[in-house]
$ cat query09.cif   # mmCIF, C-alpha atoms and all ligand atoms
data_work
loop_
_atom_site.label_atom_id
_atom_site.label_comp_id
_atom_site.auth_asym_id
_atom_site.auth_seq_id
_atom_site.Cartn_x
_atom_site.Cartn_y
_atom_site.Cartn_z
CA MET A 1 -71.38 -175.49 -76.67
CA LEU A 2 -73.77 -176.74 -79.29
CA LEU A 3 -74.88 -179.42 -76.91
CA LEU A 4 -75.42 -176.96 -74.10
CA THR A 5 -77.52 -174.60 -76.24
CA GLY A 6 -79.54 -177.54 -77.45
CA TRP A 7 -80.15 -178.65 -73.93
CA ILE A 8 -81.26 -175.17 -72.79
CA CYS A 9 -83.71 -174.88 -75.70
CA LEU A 10 -85.09 -178.28 -75.01
CA THR A 11 -85.64 -177.49 -71.35
CA LEU A 12 -87.26 -174.17 -72.15
CA THR A 13 -89.55 -175.65 -74.77
CA ALA A 14 -90.52 -178.46 -72.49
CA ALA A 15 -91.23 -176.06 -69.64
CA GLY A 16 -93.04 -173.69 -72.00
CA CYS A 17 -95.27 -176.43 -73.45
CA GLN A 18 -96.01 -177.89 -70.09
CA ARG A 19 -97.06 -174.56 -68.62
CA ALA A 20 -99.24 -173.65 -71.55
CA GLU A 21 -101.02 -176.97 -71.18
CA GLU A 22 -101.51 -176.68 -67.45
CA LEU A 23 -102.97 -173.18 -67.37
CA THR A 24 -106.73 -172.93 -67.50
CA PHE A 25 -109.35 -170.50 -66.25
CA SER A 26 -110.88 -171.92 -63.12
CA THR A 27 -114.45 -171.13 -62.09
CA SER A 28 -115.51 -169.28 -58.95
CA GLU A 29 -116.42 -171.04 -55.71
CA ALA A 30 -120.08 -170.16 -56.26
CA VAL A 31 -120.03 -172.06 -59.55
CA GLN A 32 -118.09 -175.00 -58.16
CA GLU A 33 -120.70 -175.44 -55.46
CA LEU A 34 -123.59 -175.76 -57.93
CA PRO A 35 -125.10 -179.19 -58.60
CA ASP A 36 -123.48 -180.87 -61.57
CA PRO A 37 -125.96 -180.07 -64.38
CA LEU A 38 -126.19 -176.40 -63.37
CA ARG A 39 -122.43 -176.09 -63.07
CA LYS A 40 -122.05 -177.56 -66.56
CA ALA A 41 -124.65 -175.16 -67.94
CA VAL A 42 -122.75 -172.19 -66.46
CA GLU A 43 -119.44 -173.48 -67.76
CA TYR A 44 -120.96 -173.94 -71.21
CA GLN A 45 -122.09 -170.29 -71.36
CA LEU A 46 -118.78 -169.03 -70.01
CA HIS A 47 -116.96 -171.05 -72.62
CA GLU A 48 -119.28 -169.85 -75.38
CA HIS A 49 -118.92 -166.15 -74.60
CA THR A 50 -115.49 -165.75 -73.01
CA GLY A 51 -113.58 -168.65 -74.53
CA THR A 52 -110.86 -170.63 -72.83
CA TYR A 53 -107.38 -169.86 -71.58
CA ARG A 54 -106.01 -170.96 -74.95
CA ARG A 55 -108.58 -169.04 -76.95
CA PRO A 56 -109.92 -166.21 -74.80
CA LYS A 57 -112.76 -164.03 -76.11
CA MET A 58 -113.82 -160.56 -75.03
CA LEU A 59 -117.39 -160.69 -73.73
CA GLY A 60 -119.74 -159.02 -76.22
CA ASP A 61 -116.93 -158.09 -78.62
CA PRO A 62 -116.35 -160.95 -81.06
CA ASP A 63 -114.30 -158.59 -83.24
CA MET A 64 -111.48 -158.25 -80.75
CA SER A 65 -108.68 -160.27 -82.30
CA LEU A 66 -107.37 -163.41 -80.66
CA GLU A 67 -103.86 -162.24 -81.47
CA HIS A 68 -104.34 -159.03 -79.45
CA LEU A 69 -105.77 -160.94 -76.47
CA LYS A 70 -102.99 -163.52 -76.63
CA HIS A 71 -100.46 -160.69 -76.64
CA GLY A 72 -102.15 -159.25 -73.55
CA GLN A 73 -102.15 -162.69 -71.98
CA ALA A 74 -98.40 -163.06 -72.54
CA VAL A 75 -97.72 -159.70 -70.86
CA TYR A 76 -100.13 -160.58 -68.06
CA GLN A 77 -98.62 -164.00 -67.38
CA ARG A 78 -95.17 -162.51 -67.25
CA ARG A 79 -95.87 -159.40 -65.21
CA CYS A 80 -99.19 -159.59 -63.39
CA ALA A 81 -100.33 -163.18 -62.77
CA GLN A 82 -97.99 -163.81 -59.83
CA CYS A 83 -100.08 -161.29 -57.89
CA HIS A 84 -103.45 -161.09 -59.66
CA GLY A 85 -103.80 -164.82 -60.46
CA VAL A 86 -104.22 -166.59 -63.80
CA ASN A 87 -107.96 -165.91 -63.93
CA GLY A 88 -107.78 -162.51 -62.22
CA ASP A 89 -108.99 -163.66 -58.79
CA GLY A 90 -106.20 -161.77 -56.99
CA LEU A 91 -104.85 -165.02 -55.59
CA GLY A 92 -101.53 -165.31 -57.36
CA PRO A 93 -98.80 -167.19 -55.49
CA ALA A 94 -97.29 -163.92 -54.21
CA ALA A 95 -100.57 -162.42 -52.97
CA ALA A 96 -101.18 -163.90 -49.53
CA ALA A 97 -98.73 -161.74 -47.59
CA MET A 98 -99.77 -158.45 -49.15
CA TYR A 99 -101.73 -155.58 -47.66
CA PRO A 100 -103.70 -154.39 -49.47
CA ARG A 101 -104.27 -157.54 -51.50
CA PRO A 102 -103.90 -157.51 -55.28
CA ARG A 103 -107.21 -156.71 -56.91
CA ASP A 104 -109.63 -159.54 -57.64
CA TYR A 105 -110.87 -158.27 -61.00
CA ARG A 106 -113.81 -160.66 -61.19
CA ARG A 107 -116.12 -158.42 -59.18
CA GLY A 108 -115.58 -155.57 -61.63
CA ILE A 109 -114.96 -153.19 -58.71
CA PHE A 110 -112.04 -150.77 -58.91
CA LYS A 111 -110.79 -148.20 -56.45
CA PHE A 112 -109.08 -145.45 -58.37
CA THR A 113 -111.71 -144.21 -60.75
CA SER A 114 -112.66 -140.86 -62.21
CA THR A 115 -116.33 -141.82 -62.20
CA PRO A 116 -118.99 -141.39 -59.47
CA TYR A 117 -119.17 -143.68 -56.44
CA GLY A 118 -120.31 -147.20 -57.29
CA SER A 119 -119.49 -146.85 -60.98
CA LYS A 120 -117.12 -148.77 -63.17
CA PRO A 121 -113.81 -147.14 -63.98
CA LEU A 122 -112.96 -145.62 -67.34
CA ARG A 123 -110.48 -147.54 -69.43
CA ALA A 124 -108.19 -144.53 -68.95
CA ASP A 125 -108.34 -145.10 -65.16
CA LEU A 126 -106.97 -148.63 -65.54
CA VAL A 127 -104.27 -147.39 -67.91
CA ARG A 128 -103.32 -144.68 -65.40
CA THR A 129 -103.10 -147.14 -62.50
CA ILE A 130 -101.04 -149.62 -64.50
CA LYS A 131 -98.64 -146.91 -65.68
CA ARG A 132 -98.10 -145.28 -62.34
CA GLY A 133 -98.71 -148.19 -59.99
CA VAL A 134 -100.29 -147.73 -56.56
CA ARG A 135 -97.75 -145.98 -54.40
CA GLY A 136 -97.42 -147.42 -50.89
CA THR A 137 -98.73 -150.86 -51.99
CA SER A 138 -97.18 -153.80 -53.84
CA MET A 139 -98.71 -152.71 -57.14
CA PRO A 140 -95.69 -151.68 -59.23
CA SER A 141 -95.52 -149.02 -61.91
CA PHE A 142 -95.36 -150.29 -65.48
CA ARG A 143 -94.61 -146.96 -67.11
CA LEU A 144 -91.70 -148.45 -69.06
CA LEU A 145 -93.81 -151.03 -70.84
CA PRO A 146 -94.27 -150.23 -74.55
CA PRO A 147 -97.71 -148.67 -75.24
CA LYS A 148 -98.67 -151.72 -77.31
CA ASP A 149 -98.14 -153.99 -74.29
CA ILE A 150 -100.10 -151.69 -71.98
CA ASP A 151 -102.97 -151.52 -74.45
CA ALA A 152 -103.05 -155.31 -74.80
CA VAL A 153 -102.75 -156.04 -71.08
CA VAL A 154 -105.57 -153.58 -70.24
CA ASP A 155 -107.83 -155.40 -72.67
CA TYR A 156 -106.80 -158.69 -71.14
CA VAL A 157 -107.60 -157.37 -67.64
CA LEU A 158 -110.98 -156.19 -68.98
CA MET A 159 -111.52 -159.61 -70.53
CA LEU A 160 -110.88 -161.30 -67.16
CA THR A 161 -113.07 -158.73 -65.42
CA HIS A 162 -116.02 -159.21 -67.77
CA ARG A 163 -115.59 -162.96 -67.56
CA GLY A 164 -115.85 -162.71 -63.77
CA GLU A 165 -118.85 -160.39 -63.86
CA PHE A 166 -120.64 -162.63 -66.36
CA GLU A 167 -119.82 -165.68 -64.24
CA GLU A 168 -121.39 -163.94 -61.22
CA GLN A 169 -124.59 -163.28 -63.22
CA LEU A 170 -124.73 -166.89 -64.41
CA ALA A 171 -124.10 -168.29 -60.93
CA TYR A 172 -126.82 -166.07 -59.48
CA ALA A 173 -129.34 -167.17 -62.11
CA ALA A 174 -128.41 -170.81 -61.58
CA GLU A 175 -128.92 -170.48 -57.86
CA VAL A 176 -132.15 -168.48 -57.88
CA ASP A 177 -133.92 -169.91 -60.95
CA GLU A 178 -132.31 -173.33 -60.69
CA GLU A 179 -131.61 -173.19 -64.40
CA VAL A 180 -129.52 -171.24 -66.88
CA ASP A 181 -132.02 -170.27 -69.53
CA PRO A 182 -130.06 -169.39 -72.71
CA GLU A 183 -132.82 -166.93 -73.55
CA TYR A 184 -131.73 -164.67 -70.67
CA VAL A 185 -128.01 -164.84 -71.41
CA PRO A 186 -127.99 -161.81 -73.77
CA ASP A 187 -129.65 -159.77 -70.98
CA MET A 188 -126.91 -160.81 -68.57
CA ILE A 189 -124.26 -159.73 -71.05
CA ASP A 190 -126.07 -156.40 -71.52
CA THR A 191 -126.20 -155.92 -67.75
CA VAL A 192 -122.45 -156.44 -67.46
CA LEU A 193 -121.46 -154.29 -70.42
CA GLY A 194 -124.17 -151.66 -69.82
CA SER A 195 -122.67 -150.60 -66.51
CA TRP A 196 -119.30 -150.01 -68.21
CA GLU A 197 -120.92 -148.05 -71.02
CA ARG A 198 -122.84 -145.86 -68.56
CA ALA A 199 -119.69 -145.14 -66.57
CA ALA A 200 -117.90 -144.02 -69.72
CA ARG A 201 -120.36 -141.09 -69.92
CA GLN A 202 -120.06 -140.07 -66.27
CA GLU A 203 -116.58 -138.72 -65.77
CA VAL A 204 -116.41 -136.59 -62.63
CA ARG A 205 -115.39 -132.99 -63.23
CA PRO A 206 -114.63 -130.65 -60.34
CA LEU A 207 -117.70 -128.66 -59.33
CA THR A 208 -115.61 -125.50 -59.01
CA PRO A 209 -112.19 -124.64 -60.43
CA GLN A 210 -109.16 -125.48 -58.32
CA PRO A 211 -108.00 -122.41 -56.38
CA ALA A 212 -104.33 -121.51 -55.80
CA PHE A 213 -103.89 -123.08 -52.36
CA THR A 214 -103.02 -120.82 -49.45
CA ALA A 215 -102.69 -121.32 -45.69
CA GLU A 216 -106.36 -120.32 -45.44
CA ASN A 217 -107.44 -123.28 -47.52
CA VAL A 218 -105.43 -125.57 -45.24
CA ILE A 219 -107.03 -124.09 -42.11
CA ALA A 220 -110.53 -124.32 -43.58
CA GLY A 221 -109.72 -127.86 -44.71
CA LYS A 222 -108.66 -128.86 -41.23
CA GLN A 223 -111.93 -127.53 -39.81
CA ALA A 224 -113.91 -129.52 -42.35
CA PHE A 225 -111.77 -132.59 -41.69
CA LEU A 226 -112.59 -132.42 -37.98
CA SER A 227 -116.27 -131.51 -38.37
CA GLN A 228 -117.33 -133.68 -41.35
CA GLY A 229 -116.45 -137.07 -39.92
CA CYS A 230 -113.10 -137.58 -41.68
CA SER A 231 -111.26 -137.73 -38.37
CA LYS A 232 -113.54 -140.51 -37.11
CA CYS A 233 -111.74 -142.87 -39.44
CA HIS A 234 -108.51 -141.08 -40.30
CA GLY A 235 -107.85 -139.77 -36.77
CA GLU A 236 -107.51 -136.10 -35.85
CA ASP A 237 -103.91 -136.09 -37.05
CA GLY A 238 -104.76 -138.03 -40.23
CA ARG A 239 -102.68 -141.04 -39.22
CA GLY A 240 -105.63 -143.40 -39.09
CA GLN A 241 -104.65 -144.65 -35.67
CA THR A 242 -108.12 -144.62 -34.17
CA ARG A 243 -109.26 -147.57 -32.13
CA ASP A 244 -112.24 -148.35 -34.32
CA ASN A 245 -110.42 -147.88 -37.57
CA ILE A 246 -110.79 -151.38 -38.87
CA GLY A 247 -113.22 -152.91 -41.28
CA LYS A 248 -113.66 -155.27 -44.18
CA ASP A 249 -113.51 -154.32 -47.79
CA THR A 250 -115.87 -155.73 -50.39
CA TRP A 251 -113.35 -158.47 -51.23
CA GLY A 252 -113.53 -159.72 -47.63
CA HIS A 253 -110.12 -158.49 -46.51
CA THR A 254 -109.37 -156.46 -43.43
CA THR A 255 -108.83 -152.82 -44.24
CA ARG A 256 -108.09 -149.55 -42.49
CA ALA A 257 -108.49 -145.88 -43.30
CA ALA A 258 -105.41 -144.54 -45.04
CA ASP A 259 -102.60 -143.00 -43.00
CA LEU A 260 -102.76 -139.68 -44.79
CA THR A 261 -99.41 -138.63 -43.28
CA SER A 262 -97.49 -141.53 -44.83
CA GLY A 263 -96.55 -139.39 -47.81
CA MET A 264 -97.73 -142.22 -50.06
CA LEU A 265 -101.17 -141.42 -51.34
CA HIS A 266 -102.29 -144.57 -53.13
CA GLY A 267 -104.59 -142.88 -55.57
CA GLY A 268 -102.09 -140.22 -56.73
CA THR A 269 -100.80 -136.90 -55.47
CA GLU A 270 -102.29 -134.50 -57.99
CA PRO A 271 -104.90 -132.26 -56.33
CA PHE A 272 -107.53 -133.59 -58.70
CA ASP A 273 -106.67 -137.21 -57.72
CA ILE A 274 -107.39 -136.36 -54.07
CA TYR A 275 -110.49 -134.42 -55.07
CA ARG A 276 -111.85 -137.52 -56.79
CA ARG A 277 -111.15 -139.73 -53.75
CA ILE A 278 -113.15 -137.37 -51.54
CA TYR A 279 -115.91 -136.59 -54.03
CA SER A 280 -116.44 -140.15 -55.25
CA GLY A 281 -115.21 -142.16 -52.27
CA ILE A 282 -113.25 -145.35 -52.90
CA ASN A 283 -115.25 -148.27 -54.30
CA GLY A 284 -115.12 -151.46 -52.31
CA THR A 285 -113.75 -149.80 -49.14
CA PRO A 286 -115.28 -147.95 -46.18
CA MET A 287 -114.19 -144.58 -47.66
CA PRO A 288 -117.57 -142.99 -48.47
CA SER A 289 -118.47 -140.53 -51.21
CA PHE A 290 -118.87 -136.93 -50.02
CA ALA A 291 -120.52 -135.73 -53.24
CA SER A 292 -123.83 -134.92 -51.57
CA ALA A 293 -122.32 -133.72 -48.26
CA PHE A 294 -120.63 -130.81 -50.03
CA ARG A 295 -123.25 -130.05 -52.66
CA GLU A 296 -124.05 -126.67 -51.05
CA ASN A 297 -120.44 -125.65 -50.47
CA PRO A 298 -118.36 -127.37 -53.14
CA ASP A 299 -115.24 -125.27 -52.46
CA THR A 300 -114.85 -127.11 -49.16
CA ILE A 301 -113.72 -130.14 -51.18
CA TRP A 302 -110.74 -128.10 -52.42
CA ASP A 303 -110.02 -126.99 -48.82
CA LEU A 304 -109.93 -130.66 -47.83
CA VAL A 305 -107.60 -131.40 -50.74
CA ALA A 306 -105.28 -128.61 -49.53
CA TYR A 307 -105.38 -130.06 -46.02
CA VAL A 308 -104.72 -133.64 -47.20
CA LEU A 309 -101.75 -132.40 -49.24
CA TYR A 310 -100.44 -130.49 -46.23
CA VAL A 311 -100.89 -133.49 -43.91
CA SER A 312 -99.38 -135.85 -46.44
CA ASN A 313 -96.20 -133.80 -46.44
CA ARG A 314 -95.88 -133.46 -42.67
CA ARG A 315 -93.59 -136.39 -42.12
CA ARG A 316 -91.31 -135.37 -44.94
CA ALA A 317 -91.26 -131.86 -43.47
CA GLY A 318 -90.10 -133.36 -40.14
CA GLU A 319 -93.22 -132.26 -38.25
CA LEU A 320 -94.27 -135.77 -37.28
CA PRO A 321 -92.12 -138.56 -35.93
CA PRO A 322 -91.48 -141.47 -38.28
CA PRO A 323 -94.13 -144.18 -37.99
CA GLY A 324 -91.79 -146.58 -36.19
CA PHE A 325 -90.63 -149.92 -37.47
CA ALA A 326 -92.36 -150.92 -40.64
CA LYS A 327 -94.46 -153.92 -39.72
CA PRO A 328 -95.97 -156.30 -42.21
CA TYR A 329 -99.73 -156.38 -41.90
CA VAL A 330 -101.00 -159.49 -40.13
CA PRO A 331 -104.76 -160.16 -39.92
CA GLU A 332 -106.01 -160.03 -36.34
CA ASP A 333 -106.81 -163.72 -36.00
CA GLU A 334 -103.31 -164.65 -37.13
CA ARG A 335 -101.47 -162.33 -34.76
CA VAL A 336 -99.09 -163.76 -32.21
CA ASP A 337 -97.80 -161.57 -29.39
CA VAL A 338 -94.06 -161.52 -29.33
CA VAL A 339 -92.41 -160.34 -26.11
CA LEU A 340 -89.00 -158.83 -26.64
CA ASP A 341 -86.69 -158.56 -23.65
C1 LIG B 401 -96.28 -157.52 -56.85
C2 LIG B 401 -97.71 -157.64 -56.97
C3 LIG B 401 -98.40 -157.01 -58.15
C4 LIG B 401 -98.09 -157.11 -59.50
C5 LIG B 401 -96.91 -157.82 -60.13
C6 LIG B 401 -99.13 -156.42 -60.20
N1 LIG B 401 -100.06 -155.92 -59.32
FE1 LIG B 401 -101.73 -154.87 -59.81
N2 LIG B 401 -102.17 -154.64 -57.84
C7 LIG B 401 -101.43 -155.14 -56.79
C8 LIG B 401 -102.01 -154.72 -55.54
C9 LIG B 401 -101.50 -155.05 -54.16
C10 LIG B 401 -103.15 -153.96 -55.87
C11 LIG B 401 -104.15 -153.31 -54.90
C12 LIG B 401 -103.81 -151.88 -54.57
C13 LIG B 401 -104.86 -151.24 -53.66
O1 LIG B 401 -105.87 -151.87 -53.37
O2 LIG B 401 -104.66 -150.09 -53.27
C14 LIG B 401 -103.22 -153.94 -57.33
C15 LIG B 401 -104.24 -153.30 -58.04
C16 LIG B 401 -104.36 -153.33 -59.43
C17 LIG B 401 -105.45 -152.77 -60.16
C18 LIG B 401 -106.69 -152.13 -59.57
C19 LIG B 401 -106.65 -150.64 -59.43
C20 LIG B 401 -107.97 -150.09 -58.90
O3 LIG B 401 -108.34 -148.99 -59.29
O4 LIG B 401 -108.63 -150.74 -58.11
C21 LIG B 401 -105.21 -153.02 -61.49
C22 LIG B 401 -106.09 -152.64 -62.66
C23 LIG B 401 -103.95 -153.71 -61.57
N3 LIG B 401 -103.46 -153.88 -60.30
C24 LIG B 401 -103.38 -154.15 -62.75
C25 LIG B 401 -102.14 -154.81 -62.82
C26 LIG B 401 -101.53 -155.21 -64.06
C27 LIG B 401 -102.15 -155.04 -65.43
C28 LIG B 401 -100.34 -155.80 -63.73
C29 LIG B 401 -99.29 -156.35 -64.68
C30 LIG B 401 -98.90 -155.52 -65.81
C31 LIG B 401 -100.24 -155.78 -62.29
N4 LIG B 401 -101.35 -155.16 -61.77
C32 LIG B 401 -99.19 -156.31 -61.58
C33 LIG B 401 -100.30 -155.92 -56.90
C34 LIG B 401 -99.65 -156.24 -58.07
C1 LIG B 402 -115.85 -144.58 -42.64
C2 LIG B 402 -114.45 -144.29 -42.63
C3 LIG B 402 -113.92 -143.12 -43.43
C4 LIG B 402 -114.34 -141.81 -43.43
C5 LIG B 402 -115.51 -141.20 -42.67
C6 LIG B 402 -113.44 -141.10 -44.30
N1 LIG B 402 -112.51 -141.95 -44.82
FE1 LIG B 402 -111.04 -141.47 -46.12
N2 LIG B 402 -110.53 -143.42 -46.30
C7 LIG B 402 -111.09 -144.45 -45.58
C8 LIG B 402 -110.47 -145.70 -45.99
C9 LIG B 402 -110.80 -147.08 -45.44
C10 LIG B 402 -109.51 -145.38 -46.98
C11 LIG B 402 -108.58 -146.33 -47.68
C12 LIG B 402 -109.24 -146.97 -48.86
C13 LIG B 402 -108.30 -147.93 -49.58
O1 LIG B 402 -107.59 -147.49 -50.48
O2 LIG B 402 -108.32 -149.09 -49.23
C14 LIG B 402 -109.59 -143.93 -47.13
C15 LIG B 402 -108.84 -143.22 -48.05
C16 LIG B 402 -108.85 -141.85 -48.18
C17 LIG B 402 -108.05 -141.10 -49.12
C18 LIG B 402 -107.14 -141.69 -50.19
C19 LIG B 402 -105.76 -141.80 -49.69
C20 LIG B 402 -104.83 -142.37 -50.73
O3 LIG B 402 -103.97 -143.13 -50.29
O4 LIG B 402 -104.93 -142.02 -51.92
C21 LIG B 402 -108.29 -139.76 -48.90
C22 LIG B 402 -107.66 -138.59 -49.63
C23 LIG B 402 -109.26 -139.69 -47.83
N3 LIG B 402 -109.58 -140.97 -47.43
C24 LIG B 402 -109.75 -138.51 -47.33
C25 LIG B 402 -110.87 -138.44 -46.49
C26 LIG B 402 -111.54 -137.21 -46.16
C27 LIG B 402 -111.07 -135.82 -46.57
C28 LIG B 402 -112.62 -137.56 -45.42
C29 LIG B 402 -113.71 -136.64 -44.88
C30 LIG B 402 -114.35 -135.73 -45.82
C31 LIG B 402 -112.60 -139.01 -45.27
N4 LIG B 402 -111.52 -139.51 -45.94
C32 LIG B 402 -113.53 -139.75 -44.56
C33 LIG B 402 -112.07 -144.35 -44.62
C34 LIG B 402 -112.77 -143.21 -44.33
#
$ encode --input "query09.cif" --output "structure tokens" --more "lines below"
Ligand code: HEC
Ligand code: HEC
Amino acid sequence: MLLLTGWICLTLTAAGCQRAEELTFSTSEAVQELPDPLRKAVEYQLHEHTGTYRRPKMLGDPDMSLEHLKHGQAVYQRRCAQCHGVNGDGLGPAAAAMYPRPRDYRRGIFKFTSTPYGSKPLRADLVRTIKRGVRGTSMPSFRLLPPKDIDAVVDYVLMLTHRGEFEEQLAYAAEVDEEVDPEYVPDMIDTVLGSWERAARQEVRPLTPQPAFTAENVIAGKQAFLSQGCSKCHGEDGRGQTRDNIGKDTWGHTTRAADLTSGMLHGGTEPFDIYRRIYSGINGTPMPSFASAFRENPDTIWDLVAYVLYVSNRRRAGELPPPGFAKPYVPEDERVDVVLD
């Protein structure tokens, strides 16, 4: 027994040490393609301001403790890295077969925000997504994680995000100016962090209070849905089965307008969640912001929310046939026609 326990510990320690040694933050393709001296200059700045895998640092926040970030890293490695990748590039070993793909944090672009179109999310938005997951996708809910773990893993995700954003700035400077002038580095850091600080002051509030939804809101919502261009992408029945409903998202992956009848709204089912998706659009995807379209008649947004809620419940209510066999998503150029006899 003693022997066995000893053996298990030894194996675990060996595996543990080995993994800790192997893991490093890799650099982006853009950086890898730079000529040697420029690549080294970028790596030097990244190292200086965001640390290493062993000793990560939060960009622009030298006071954030290493212990806190290492705690976040431990949670992340255990629960997130298989999908989101060690350095947050969304290319974990489990990611390739997923639709939608796990988020590549390095661009600093997030979908489910409570800020205007094109803005960074609030920290609270990331916490919300992590706690409730993204229904209808592979992103699980982590609501049972202790608050301390959530807090640490959010900071670790932000650390990876800022590292990626900073890397993009450095790579751009290296490419355009053909040098990485240390004098401009503080400006780059300010550019990255400034956009997050601005977003923190721009939380979207509904333009008008939410009404108690009635059948009239649903009817008015349907009219708006058909006349304001929603049906062009989502289809007249909201199922998104239009011929042209296909595009690329900002991360380069194929994407389609949501099937609003699936009963699985990714961004949440509270009326205000849906309001935000319509008002602010969905960053990184073809879903546009309708903030200016409804400036004159803001109550129409609530009508659309009522209609989306109604449509989203139609399958459950038995009014629409089930969607058929669940098929894994296969990108068009990888599709093979299978003839069943
Ligand atoms: C099984 C795979 C999987 C695991 C494990 C996973 N995620 Fe995700 N995650 C996804 C997918 C897929 C998406 C994209 C959803 C979408 O685009 O609608 C996503 C999206 C996100 C987003 C972006 C939300 C937005 O607004 O754009 C965040 C933040 C996130 N995950 C954090 C985490 C954290 C933190 C963990 C670990 C505690 C984790 N994820 C674990 C698959 C996963
Ligand atoms: C140009 C195409 C396009 C138009 C026009 C469009 N959408 Fe979308 N919509 C999308 C795409 C693509 C998504 C999925 C984004 C993602 O999560 O990847 C989406 C997602 C949504 C969602 C979020 C669903 C969820 O799972 O949480 C709602 C709600 C929505 N659209 C409502 C509308 C309404 C209402 C209109 C009209 C006022 C509209 N859309 C117009 C493309 C479009």
$ closest_atom_pairs --input "query09.cif" --of "chain A" --to "ligand LIG 401 (chain B)" --cutoff "7 Å" --atoms "all atoms listed in the file" --output "JSON lines"
{"residue": "A:Val75", "atom": "CA", "partner": "B:LIG401", "partner_atom": "C30", "distance": 6.7}
{"residue": "A:Tyr76", "atom": "CA", "partner": "B:LIG401", "partner_atom": "C29", "distance": 5.5}
{"residue": "A:Arg79", "atom": "CA", "partner": "B:LIG401", "partner_atom": "C29", "distance": 4.6}
{"residue": "A:Cys80", "atom": "CA", "partner": "B:LIG401", "partner_atom": "C29", "distance": 3.5}
{"residue": "A:Ala81", "atom": "CA", "partner": "B:LIG401", "partner_atom": "C5", "distance": 6.9}
{"residue": "A:Gln82", "atom": "CA", "partner": "B:LIG401", "partner_atom": "C5", "distance": 6.1}
{"residue": "A:Cys83", "atom": "CA", "partner": "B:LIG401", "partner_atom": "C2", "distance": 4.4}
{"residue": "A:His84", "atom": "CA", "partner": "B:LIG401", "partner_atom": "N1", "distance": 6.2}
{"residue": "A:Ala94", "atom": "CA", "partner": "B:LIG401", "partner_atom": "C2", "distance": 6.9}
{"residue": "A:Ala95", "atom": "CA", "partner": "B:LIG401", "partner_atom": "C2", "distance": 6.9}
{"residue": "A:Met98", "atom": "CA", "partner": "B:LIG401", "partner_atom": "C9", "distance": 6.3}
{"residue": "A:Tyr99", "atom": "CA", "partner": "B:LIG401", "partner_atom": "C9", "distance": 6.5}
{"residue": "A:Pro100", "atom": "CA", "partner": "B:LIG401", "partner_atom": "O1", "distance": 5.1}
{"residue": "A:Arg101", "atom": "CA", "partner": "B:LIG401", "partner_atom": "C9", "distance": 4.6}
{"residue": "A:Pro102", "atom": "CA", "partner": "B:LIG401", "partner_atom": "C8", "distance": 3.4}
{"residue": "A:Arg103", "atom": "CA", "partner": "B:LIG401", "partner_atom": "C15", "distance": 4.7}
{"residue": "A:Ile109", "atom": "CA", "partner": "B:LIG401", "partner_atom": "O4", "distance": 6.8}
{"residue": "A:Phe110", "atom": "CA", "partner": "B:LIG401", "partner_atom": "O4", "distance": 3.5}
{"residue": "A:Lys111", "atom": "CA", "partner": "B:LIG401", "partner_atom": "O4", "distance": 3.7}
{"residue": "A:Phe112", "atom": "CA", "partner": "B:LIG401", "partner_atom": "O3", "distance": 3.7}
{"residue": "A:Thr113", "atom": "CA", "partner": "B:LIG401", "partner_atom": "O3", "distance": 6.0}
{"residue": "A:Leu126", "atom": "CA", "partner": "B:LIG401", "partner_atom": "C22", "distance": 5.0}
{"residue": "A:Thr129", "atom": "CA", "partner": "B:LIG401", "partner_atom": "C19", "distance": 5.9}
{"residue": "A:Ile130", "atom": "CA", "partner": "B:LIG401", "partner_atom": "C24", "distance": 5.4}
{"residue": "A:Val134", "atom": "CA", "partner": "B:LIG401", "partner_atom": "C12", "distance": 5.8}
{"residue": "A:Thr137", "atom": "CA", "partner": "B:LIG401", "partner_atom": "C9", "distance": 5.5}
{"residue": "A:Ser138", "atom": "CA", "partner": "B:LIG401", "partner_atom": "C9", "distance": 4.5}
{"residue": "A:Met139", "atom": "CA", "partner": "B:LIG401", "partner_atom": "C33", "distance": 3.6}
{"residue": "A:Pro140", "atom": "CA", "partner": "B:LIG401", "partner_atom": "C6", "distance": 5.9}
{"residue": "A:Phe142", "atom": "CA", "partner": "B:LIG401", "partner_atom": "C30", "distance": 6.3}
{"residue": "A:Val153", "atom": "CA", "partner": "B:LIG401", "partner_atom": "C27", "distance": 5.8}
{"residue": "A:Val154", "atom": "CA", "partner": "B:LIG401", "partner_atom": "C27", "distance": 6.1}
{"residue": "A:Val157", "atom": "CA", "partner": "B:LIG401", "partner_atom": "C27", "distance": 6.3}
{"residue": "A:His266", "atom": "CA", "partner": "B:LIG401", "partner_atom": "O2", "distance": 6.0}
$ residues_near_ligand --input "query09.cif" --ligand "ligand LIG 402 (chain B)" --cutoff "6 Å" --atoms "only C-alpha atoms and all ligand atoms" --output "list of chain:residue names"
A:Phe225, A:Gln228, A:Gly229, A:Cys230, A:Lys232, A:Cys233, A:Arg256, A:Ala257, A:Ala258, A:Leu265, A:His266, A:Gly267, A:Gly268, A:Ile274, A:Arg277, A:Ile278, A:Ile282, A:Thr285, A:Pro286, A:Met287, A:Leu304
$ atom_distance --input "query09.cif" --atom1 "CA of Tyr172 (chain A)" --atom2 "CA of Pro35 (chain A)"
13.3 Å
$ closest_residue --input "query09.cif" --among "A:Glu43, A:Glu296, A:Asp89, A:Asp244" --to "Val180 (chain A)" --atoms "all atoms listed in the file"
A:Glu43
$ closest_residue --input "query09.cif" --among "A:Arg201, A:Lys248, A:Lys222, A:Arg239" --to "Gly263 (chain A)" --atoms "only C-alpha atoms"
A:Arg239
$ closest_residue --input "query09.cif" --among "A:Glu48, A:Asp155, A:Glu236, A:Asp249" --to "Leu66 (chain A)" --atoms "all atoms listed in the file"
A:Asp155
